[in-house]
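K.L.:
Data file input_18.cif (mmCIF, C-alpha atoms) is appended below.
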data_upload
#
loop_
_atom_site.label_atom_id
_atom_site.label_comp_id
_atom_site.auth_asym_id
_atom_site.auth_seq_id
_atom_site.Cartn_x
_atom_site.Cartn_y
_atom_site.Cartn_z
CA MET A 30 0.00 0.00 0.00
CA LYS A 31 2.74 2.35 1.02
CA ARG A 32 4.73 1.36 -2.01
CA SER A 33 1.85 2.13 -4.40
CA ALA A 34 1.39 5.57 -2.87
CA LYS A 35 5.06 6.32 -3.32
CA ILE A 36 4.86 5.28 -6.98
CA ILE A 37 1.88 7.60 -7.62
CA ILE A 38 3.60 10.53 -5.91
CA GLY A 39 6.71 9.97 -7.98
CA VAL A 40 4.72 9.95 -11.21
CA ILE A 41 3.07 13.27 -10.26
CA ILE A 42 6.40 14.87 -9.44
CA ILE A 43 7.89 13.67 -12.73
CA GLY A 44 4.89 15.19 -14.62
CA ILE A 45 5.28 18.52 -12.88
CA LEU A 46 8.97 18.64 -13.65
CA ALA A 47 8.32 17.73 -17.28
CA ALA A 48 5.75 20.47 -17.66
CA ALA A 49 8.10 23.01 -16.09
CA GLY A 50 10.82 21.93 -18.43
CA LEU A 51 8.63 22.35 -21.48
CA ARG A 52 7.66 25.87 -20.35
CA LEU A 53 11.31 26.78 -19.90
CA LEU A 54 12.12 25.48 -23.34
CA LYS A 55 9.22 27.43 -24.99
CA LYS A 56 10.23 30.86 -26.46
CA GLU A 57 8.11 33.90 -25.52
CA PRO A 58 6.99 36.12 -28.50
CA PRO A 59 8.77 39.52 -28.66
CA ILE A 60 6.95 42.56 -27.11
CA GLU A 61 5.92 45.00 -29.87
CA ALA A 62 6.34 48.75 -29.22
CA ALA A 63 3.08 50.78 -29.18
CA PRO A 64 2.68 52.89 -32.36
CA LEU A 65 3.14 56.66 -32.02
CA PRO A 66 -0.05 58.75 -32.28
CA ASN A 67 -0.58 60.42 -35.64
CA VAL A 68 -1.04 64.18 -35.50
CA SER A 69 -1.37 67.11 -37.87
CA ILE A 70 0.55 70.33 -37.33
CA ALA A 71 0.09 73.86 -38.67
CA SER A 72 1.92 77.14 -38.46
CA PRO A 73 0.18 80.14 -36.89
CA VAL A 74 -1.02 82.76 -39.35
CA LYS A 75 -1.74 86.46 -39.06
CA GLY A 76 -5.33 87.38 -39.84
CA ASP A 77 -8.37 89.46 -38.94
CA ILE A 78 -11.16 88.38 -36.61
CA THR A 79 -14.56 90.09 -36.67
CA LEU A 80 -17.33 89.26 -34.23
CA GLU A 81 -20.97 90.24 -34.64
CA SER A 82 -23.61 90.70 -31.97
CA GLY A 83 -27.34 90.24 -32.51
CA LEU A 84 -29.61 93.04 -31.29
CA ILE A 85 -33.24 94.08 -31.54
CA GLY A 86 -34.17 97.33 -33.28
CA THR A 87 -37.36 99.26 -33.98
CA VAL A 88 -38.33 100.33 -37.49
CA GLU A 89 -39.08 104.02 -37.91
CA PRO A 90 -39.69 106.22 -40.95
CA SER A 91 -36.63 108.07 -42.13
CA ASP A 92 -38.48 111.40 -41.81
CA ILE A 93 -41.16 112.38 -39.29
CA ILE A 94 -42.52 115.90 -39.71
CA HIS A 95 -45.13 117.57 -37.54
CA VAL A 96 -46.92 120.02 -39.81
CA THR A 97 -47.90 123.36 -38.24
CA PRO A 98 -49.56 126.34 -39.94
CA LYS A 99 -47.61 129.50 -40.58
CA VAL A 100 -50.63 131.72 -40.02
CA ALA A 101 -53.42 131.68 -37.47
CA GLY A 102 -57.05 131.36 -38.44
CA GLU A 103 -60.02 129.07 -38.91
CA ILE A 104 -59.79 125.83 -40.89
CA ALA A 105 -62.06 126.41 -43.87
CA GLU A 106 -61.30 123.23 -45.84
CA ALA A 107 -59.54 119.93 -45.18
CA PHE A 108 -58.40 117.97 -48.22
CA VAL A 109 -56.90 114.82 -46.65
CA LYS A 110 -57.44 112.28 -43.88
CA ALA A 111 -55.27 109.97 -41.79
CA GLY A 112 -53.64 107.20 -43.79
CA ASP A 113 -53.57 109.11 -47.07
CA VAL A 114 -50.42 109.07 -49.16
CA VAL A 115 -49.46 112.60 -50.16
CA ALA A 116 -46.90 114.14 -52.49
CA GLN A 117 -44.61 116.99 -51.57
CA GLY A 118 -46.44 120.29 -52.14
CA GLN A 119 -49.89 118.71 -52.14
CA PRO A 120 -52.55 120.90 -50.39
CA LEU A 121 -53.59 119.56 -46.99
CA CYS A 122 -56.04 122.22 -45.82
CA ARG A 123 -57.02 125.86 -46.26
CA ILE A 124 -57.02 128.33 -43.39
CA ASP A 125 -59.40 131.29 -43.46
CA ASN A 126 -57.12 134.22 -42.70
CA ALA A 127 -59.08 136.77 -44.72
CA LYS A 128 -58.56 139.51 -42.15
CA GLN A 129 -54.80 139.11 -42.27
CA ILE A 130 -54.90 139.05 -46.07
CA ASP A 131 -57.04 142.20 -46.21
CA SER A 132 -54.74 143.98 -43.78
CA ALA A 133 -51.68 142.97 -45.76
CA LYS A 134 -53.33 144.15 -49.01
CA ILE A 135 -54.09 147.56 -47.54
CA GLN A 136 -50.47 147.92 -46.47
CA MET A 137 -49.34 146.85 -49.94
CA ASP A 138 -51.66 149.28 -51.71
CA THR A 139 -50.60 152.12 -49.42
CA ALA A 140 -46.97 151.38 -50.08
CA ALA A 141 -47.67 151.23 -53.81
CA VAL A 142 -49.16 154.75 -53.77
CA ALA A 143 -46.22 156.09 -51.77
CA MET A 144 -43.80 154.49 -54.21
CA GLN A 145 -45.57 155.97 -57.23
CA ASN A 146 -45.50 159.46 -55.68
CA ALA A 147 -41.82 159.11 -54.82
CA GLN A 148 -40.94 157.97 -58.34
CA ALA A 149 -42.99 160.81 -59.87
CA ASN A 150 -41.21 163.33 -57.65
CA LEU A 151 -37.89 161.81 -58.62
CA SER A 152 -38.70 162.26 -62.32
CA ARG A 153 -39.54 165.96 -61.81
CA MET A 154 -36.46 166.63 -59.73
CA GLN A 155 -34.25 164.86 -62.26
CA VAL A 156 -35.22 167.53 -64.84
CA LEU A 157 -34.47 170.33 -62.39
CA TYR A 158 -31.18 168.74 -61.40
CA ALA A 159 -30.18 168.45 -65.06
CA ALA A 160 -30.96 172.17 -65.48
CA GLY A 161 -28.90 173.05 -62.41
CA ASP A 162 -31.88 174.32 -60.43
CA ILE A 163 -31.29 172.01 -57.44
CA SER A 164 -28.12 170.89 -55.77
CA ALA A 165 -26.63 167.44 -56.03
CA GLN A 166 -27.25 166.89 -52.30
CA SER A 167 -30.97 167.60 -52.65
CA PHE A 168 -31.23 165.30 -55.66
CA GLU A 169 -29.50 162.47 -53.73
CA GLN A 170 -32.03 162.85 -50.92
CA ILE A 171 -34.88 162.53 -53.40
CA GLN A 172 -33.28 159.43 -54.91
CA THR A 173 -32.97 157.92 -51.44
CA GLN A 174 -36.63 158.63 -50.69
CA ALA A 175 -37.70 156.96 -53.91
CA ARG A 176 -35.55 153.90 -53.19
CA SER A 177 -36.95 153.70 -49.65
CA ALA A 178 -40.52 153.88 -50.93
CA GLN A 179 -39.82 151.06 -53.39
CA LEU A 180 -38.37 148.84 -50.65
CA GLN A 181 -41.39 149.50 -48.42
CA TYR A 182 -43.68 148.45 -51.25
CA GLU A 183 -41.69 145.25 -51.89
CA ALA A 184 -41.84 144.37 -48.19
CA ALA A 185 -45.60 145.00 -48.07
CA LYS A 186 -46.14 142.92 -51.21
CA LEU A 187 -44.09 140.09 -49.73
CA GLY A 188 -46.26 140.20 -46.61
CA TYR A 189 -49.41 140.04 -48.70
CA ASP A 190 -48.12 137.18 -50.87
CA THR A 191 -47.04 135.32 -47.75
CA GLN A 192 -50.48 135.60 -46.17
CA VAL A 193 -52.09 134.34 -49.38
CA GLU A 194 -49.57 131.50 -49.74
CA TYR A 195 -49.75 130.41 -46.11
CA SER A 196 -53.51 130.23 -46.16
CA THR A 197 -53.08 126.87 -47.94
CA VAL A 198 -51.04 124.35 -45.95
CA THR A 199 -49.11 121.91 -48.16
CA ALA A 200 -47.23 118.66 -47.51
CA PRO A 201 -43.55 119.39 -46.77
CA ILE A 202 -42.48 115.92 -48.00
CA SER A 203 -43.95 112.96 -49.81
CA GLY A 204 -45.19 110.28 -47.45
CA VAL A 205 -48.04 108.94 -45.36
CA LEU A 206 -50.28 110.95 -43.03
CA GLU A 207 -49.94 109.10 -39.74
CA SER A 208 -52.34 111.39 -37.89
CA VAL A 209 -54.56 114.34 -38.85
CA SER A 210 -56.04 117.04 -36.58
CA MET A 211 -57.79 119.37 -39.00
CA ASP A 212 -61.44 119.62 -38.02
CA LEU A 213 -63.50 122.13 -39.98
CA HIS A 214 -64.08 125.54 -38.38
CA THR A 215 -61.43 124.84 -35.73
CA MET A 216 -59.25 127.79 -34.82
CA VAL A 217 -55.52 127.08 -35.15
CA SER A 218 -52.35 129.01 -34.44
CA GLN A 219 -48.72 128.72 -35.48
CA SER A 220 -48.13 126.24 -32.63
CA SER A 221 -50.97 123.87 -33.61
CA VAL A 222 -49.96 120.47 -35.06
CA LEU A 223 -52.24 119.84 -38.04
CA CYS A 224 -50.87 116.44 -39.02
CA VAL A 225 -47.86 114.13 -38.85
CA VAL A 226 -46.21 113.04 -42.13
CA THR A 227 -43.78 110.13 -42.32
CA GLY A 228 -41.49 109.81 -45.31
CA GLU A 229 -42.31 107.11 -47.83
CA GLY A 230 -39.91 104.46 -49.06
CA MET A 231 -36.94 105.02 -46.77
CA ARG A 232 -36.92 103.51 -43.31
CA LYS A 233 -34.54 103.68 -40.40
CA VAL A 234 -33.95 101.33 -37.50
CA ALA A 235 -33.29 102.61 -34.00
CA PHE A 236 -31.46 100.52 -31.40
CA ALA A 237 -29.15 100.85 -28.41
CA VAL A 238 -25.76 99.32 -27.65
CA PRO A 239 -23.44 99.05 -24.63
CA GLU A 240 -20.10 100.81 -24.54
CA ARG A 241 -18.04 97.76 -25.62
CA ILE A 242 -19.98 97.70 -28.91
CA GLN A 243 -20.33 101.48 -29.31
CA ARG A 244 -16.57 101.98 -29.48
CA ASN A 245 -16.37 99.59 -32.44
CA LEU A 246 -19.07 101.43 -34.45
CA ALA A 247 -18.84 104.53 -36.62
CA VAL A 248 -21.18 106.58 -38.78
CA GLY A 249 -21.14 105.05 -42.26
CA ASP A 250 -20.64 101.47 -41.06
CA GLY A 251 -22.86 98.87 -42.68
CA ILE A 252 -25.09 96.48 -40.74
CA HIS A 253 -27.61 93.87 -41.82
CA LEU A 254 -31.15 93.14 -40.63
CA GLU A 255 -33.46 90.15 -40.65
CA LYS A 256 -37.25 90.23 -40.70
CA GLN A 257 -39.47 87.23 -41.44
CA GLY A 258 -36.84 85.50 -43.54
CA SER A 259 -35.89 88.61 -45.52
CA GLU A 260 -32.56 90.39 -45.17
CA TYR A 261 -31.95 94.12 -45.47
CA GLN A 262 -28.81 96.24 -45.57
CA ALA A 263 -28.50 99.42 -43.52
CA VAL A 264 -25.95 102.16 -42.90
CA ILE A 265 -25.37 103.81 -39.53
CA THR A 266 -26.32 107.50 -39.77
CA LYS A 267 -26.43 108.51 -36.11
CA LEU A 268 -24.24 107.34 -33.23
CA ALA A 269 -24.65 108.89 -29.79
CA ASN A 270 -21.53 109.75 -27.80
CA MET A 271 -23.49 110.12 -24.56
CA ILE A 272 -25.27 107.39 -22.64
CA SER A 273 -29.05 107.66 -22.56
CA PRO A 274 -30.20 108.26 -18.96
CA GLN A 275 -33.32 106.17 -19.64
CA THR A 276 -31.56 103.00 -20.85
CA GLY A 277 -27.93 103.39 -19.81
CA LEU A 278 -26.97 102.58 -23.41
CA PHE A 279 -25.84 104.49 -26.50
CA ASP A 280 -28.58 105.25 -29.04
CA VAL A 281 -27.89 104.36 -32.67
CA GLU A 282 -29.85 104.93 -35.88
CA ALA A 283 -29.29 103.35 -39.29
CA THR A 284 -30.97 104.05 -42.63
CA VAL A 285 -32.37 100.90 -44.24
CA GLU A 286 -31.92 100.41 -47.96
CA ASN A 287 -35.08 99.29 -49.78
CA GLY A 288 -36.92 99.07 -46.49
CA GLY A 289 -40.31 100.20 -47.73
CA ALA A 290 -41.83 96.81 -46.87
CA LEU A 291 -40.91 97.19 -43.19
CA ALA A 292 -43.87 98.34 -41.11
CA THR A 293 -43.33 101.39 -38.94
CA GLY A 294 -43.02 100.38 -35.28
CA SER A 295 -42.14 96.74 -35.99
CA THR A 296 -39.08 95.07 -34.48
CA VAL A 297 -36.22 93.50 -36.44
CA LYS A 298 -33.16 91.41 -35.62
CA LEU A 299 -29.98 93.20 -36.56
CA TYR A 300 -26.29 92.38 -36.44
CA VAL A 301 -23.47 94.81 -35.67
CA ILE A 302 -19.71 94.40 -35.25
CA SER A 303 -19.04 93.96 -31.54
CA GLU A 304 -15.29 93.25 -31.73
CA HIS A 305 -12.67 93.43 -34.45
CA ILE A 306 -8.92 92.86 -34.59
CA GLU A 307 -6.52 93.04 -37.51
CA GLY A 308 -3.21 91.24 -38.04
CA ALA A 309 -3.54 88.97 -35.01
CA ILE A 310 -1.60 85.72 -34.55
CA THR A 311 -4.26 83.04 -34.94
CA VAL A 312 -4.54 79.25 -34.71
CA PRO A 313 -7.52 76.93 -35.17
CA VAL A 314 -9.89 77.34 -32.25
CA ASP A 315 -9.95 73.56 -31.64
CA ALA A 316 -6.18 73.52 -31.09
CA VAL A 317 -6.50 75.35 -27.76
CA TYR A 318 -7.02 73.36 -24.55
CA TYR A 319 -7.95 74.58 -21.09
CA GLU A 320 -6.96 73.44 -17.64
CA GLY A 321 -8.25 75.20 -14.56
CA GLY A 322 -9.29 78.13 -16.71
CA ASP A 323 -5.81 78.52 -18.22
CA ALA A 324 -5.28 78.05 -21.95
CA TYR A 325 -2.47 76.04 -23.52
CA LEU A 326 -1.35 74.59 -26.84
CA TYR A 327 0.65 71.58 -27.87
CA VAL A 328 3.57 72.38 -30.16
CA SER A 329 5.97 69.97 -31.81
CA GLU A 330 9.78 69.94 -31.84
CA THR A 331 11.89 67.81 -34.15
CA THR A 332 14.68 66.04 -32.20
CA ALA A 333 17.19 63.29 -32.92
CA GLU A 334 14.75 60.76 -31.43
CA GLY A 335 11.79 62.04 -33.46
CA VAL A 336 9.02 64.62 -33.04
CA MET A 337 8.52 65.62 -29.39
CA VAL A 338 5.46 67.35 -27.88
CA HIS A 339 5.65 70.42 -25.64
CA LYS A 340 2.77 71.84 -23.62
CA VAL A 341 2.85 75.65 -23.93
CA PRO A 342 0.70 78.05 -21.85
CA VAL A 343 -0.78 80.86 -23.98
CA GLU A 344 -2.84 84.00 -23.57
CA THR A 345 -5.88 84.02 -25.84
CA GLY A 346 -8.04 86.84 -27.20
CA ILE A 347 -11.20 86.93 -29.27
CA PHE A 348 -12.27 84.02 -31.44
CA ASP A 349 -14.86 83.01 -34.00
CA ASP A 350 -16.03 79.62 -35.23
CA GLU A 351 -12.72 78.82 -36.93
CA LYS A 352 -9.79 80.70 -35.39
CA ILE A 353 -8.68 82.22 -32.11
CA GLU A 354 -6.31 85.07 -31.33
CA ILE A 355 -3.10 84.12 -29.48
CA ARG A 356 -1.71 87.16 -27.70
CA SER A 357 1.37 85.53 -26.16
CA GLY A 358 3.04 82.16 -25.67
CA ILE A 359 3.96 81.21 -29.24
CA THR A 360 5.64 82.73 -32.28
CA MET A 361 4.97 82.49 -35.98
CA ASP A 362 7.79 79.90 -36.23
CA ASP A 363 6.11 77.37 -33.90
CA SER A 364 4.42 74.23 -35.20
CA VAL A 365 1.07 73.83 -33.47
CA ILE A 366 -0.53 70.40 -33.13
CA VAL A 367 -4.06 70.83 -34.43
CA THR A 368 -5.44 67.30 -33.93
CA TRP A 369 -6.58 65.89 -30.62
CA SER A 370 -5.10 62.76 -29.05
CA SER A 371 -5.30 61.34 -25.54
CA GLU A 372 -1.58 60.56 -25.78
CA LEU A 373 -0.47 64.19 -25.98
CA TYR A 374 1.50 65.36 -22.97
CA GLU A 375 4.76 67.14 -22.25
CA GLY A 376 7.65 65.14 -23.68
CA SER A 377 5.55 62.57 -25.56
CA MET A 378 6.58 61.49 -29.07
CA VAL A 379 4.24 61.73 -32.06
CA ASN A 380 4.15 60.95 -35.75
CA VAL A 381 3.37 63.95 -37.97
CA VAL A 382 1.16 62.90 -40.87
CA THR A 383 0.08 66.29 -42.31
CA GLN A 384 1.28 69.87 -42.16
CA ALA A 385 -1.00 72.66 -43.27
CA SER A 386 -1.83 76.32 -42.76
CA ALA A 387 -3.71 77.30 -39.61
CA GLN A 388 -6.31 79.11 -41.71
#
Could the structure of this file be written out as structure tokens, please?
P.N.:
Amino acid sequence: MKRSAKIIIGVIIIGILAAAGLRLLKKEPPIEAAPLPNVSIASPVKGDITLESGLIGTVEPSDIIHVTPKVAGEIAEAFVKAGDVVAQGQPLCRIDNAKQIDSAKIQMDTAAVAMQNAQANLSRMQVLYAAGDISAQSFEQIQTQARSAQLQYEAAKLGYDTQVEYSTVTAPISGVLESVSMDLHTMVSQSSVLCVVTGEGMRKVAFAVPERIQRNLAVGDGIHLEKQGSEYQAVITKLANMISPQTGLFDVEATVENGGALATGSTVKLYVISEHIEGAITVPVDAVYYEGGDAYLYVSETTAEGVMVHKVPVETGIFDDEKIEIRSGITMDDSVIVTWSSELYEGSMVNVVTQASAQ
């Protein structure tokens, strides 16, 4: 029994030793080195970056004129109503200022008589002066009196013509009558507003901007608007240099080209330049990484061992959808890694597959 057990144990030990020997004799396959990550690099470029901000504006007519009479009197006739489209010079109403007209006519007629007498006297004295019967000084006085009488007549006639002309109120511009206050037989004075005319065709958009946007705008700058799927171009015509006490913003106005279809008082979406920089060092916006709020780039350096990665802190500026401004940290001679890889870190080695412009 004991002998059988010993034989079995010996066989087991021999098997274990044989297996160990086979393992020692077996060759392990060589360990393959991990491939280097493929990356693309690009050189920084100098370029311009322009950012736009979306704002809301209100459509207004380019011209708003409050029409007032130039003479006082009673409204005898009204030729228009609210909503009418009028042409420049078109009669709007007639004011009964007959008393003023009559008074002006009397003054004109009186001045006309005085002028005729003065001219007749001048003709008589001219004969006497030619004959040497009156002195040159006396003749000059008569000439002056005749000239004065003529001027008085011209002034009186102008007053009469003015009263006649001003009795009919006409449209100062072509446009639409937004409101009308011309009831028949109503007494009006030079301070009464008869109607409000808004210019036709041209429109303007009024909006307000904060200081950071205001300093990037100038009169003459172009902006674009959107309204119900349609786009319009506009030009800034008014730019306030003082903050509005009501809004705390700077008021801006822009004239809209071909904006006749825009309803007065409606709102539009508009876009203005909020920031702009020229000749900045830029790289693709996706090439910048952030850690704890600090920005950095990966740049490559060619060494004897291959292409090595360096992590470089940078200061960034403004950016758009494609590029970002780099204010410090790199130069135009650096090669920026523009593809992402989890194997990028300081001192790592990479394989450069493409090299292109950062634009």
K.L.:
What does the distance between CA of Met216 (chain A) and CA of Ala107 (chain A) come to in Å, to one decimal place?
P.N.:
13.0 Å
K.L.:
Under the rule that all atoms listed in the file are counted, which of A:Ser221, A:Ser203, A:Thr276, A:Asn270 is the nearest residue to Phe236 (chain A)?
P.N.:
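Nearest to Phe236 (chain A): A:Thr276.
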K.L.:
Just give me the gap between CA of Leu206 (chain A) and CA of Ala235 (chain A) in Å, one decimal is fine.
P.N.:
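Interatomic distance, CA of Leu206 (chain A) to CA of Ala235 (chain A): 21.0 Å.
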K.L.:
List the residues matched by the PyMOL selection byres ((chain A and resi 350) around 12) in the displayed structure as a list in words, ordered by chain and then by residue number.
P.N.:
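Taken on the displayed file, the PyMOL selection byres ((chain A and resi 350) around 12) yields the residues Ile78, Thr79, Leu80, Glu81, Val312, Pro313, Val314, Asp315, Ile347, Phe348, Asp349, Glu351, Lys352, Ile353, Glu354 and Gln388 of chain A.
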K.L.:
Please save C-alpha atoms of the selected residues as a PDB file, in the coordinates of the input.
P.N.:
ATOM      1  CA  ILE A  78     -11.160  88.380 -36.610  1.00  0.00           C
ATOM      2  CA  THR A  79     -14.560  90.090 -36.670  1.00  0.00           C
ATOM      3  CA  LEU A  80     -17.330  89.260 -34.230  1.00  0.00           C
ATOM      4  CA  GLU A  81     -20.970  90.240 -34.640  1.00  0.00           C
ATOM      5  CA  VAL A 312      -4.540  79.250 -34.710  1.00  0.00           C
ATOM      6  CA  PRO A 313      -7.520  76.930 -35.170  1.00  0.00           C
ATOM      7  CA  VAL A 314      -9.890  77.340 -32.250  1.00  0.00           C
ATOM      8  CA  ASP A 315      -9.950  73.560 -31.640  1.00  0.00           C
ATOM      9  CA  ILE A 347     -11.200  86.930 -29.270  1.00  0.00           C
ATOM     10  CA  PHE A 348     -12.270  84.020 -31.440  1.00  0.00           C
ATOM     11  CA  ASP A 349     -14.860  83.010 -34.000  1.00  0.00           C
ATOM     12  CA  GLU A 351     -12.720  78.820 -36.930  1.00  0.00           C
ATOM     13  CA  LYS A 352      -9.790  80.700 -35.390  1.00  0.00           C
ATOM     14  CA  ILE A 353      -8.680  82.220 -32.110  1.00  0.00           C
ATOM     15  CA  GLU A 354      -6.310  85.070 -31.330  1.00  0.00           C
ATOM     16  CA  GLN A 388      -6.310  79.110 -41.710  1.00  0.00           C
TER      17      GLN A 388
END
K.L.:
If you measure from CA of Pro64 (chain A) to CA of Ala324 (chain A), what distance in Å do you get, rounded to one decimal?
P.N.:
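So the two atoms, CA of Pro64 (chain A) and CA of Ala324 (chain A), lie 28.4 Å apart.
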K.L.:
What do you get, as a VMD selection string, if you spell out every residue that the PyMOL selection byres ((chain A and resi 91) around 6) selects here?
P.N.:
chain A and resid 90 92 231 to 233
K.L.:
Would you compute, for all listed atoms of region 160-178 of chain A, the axis-aligned bounding box grown by 6 Å on each side, and then report its centre and edge lengths in Å rounded to one decimal, as JSON?
P.N.:
{"center_x": -33.6, "center_y": 164.0, "center_z": -57.6, "size_x": 25.9, "size_y": 32.6, "size_z": 27.8}
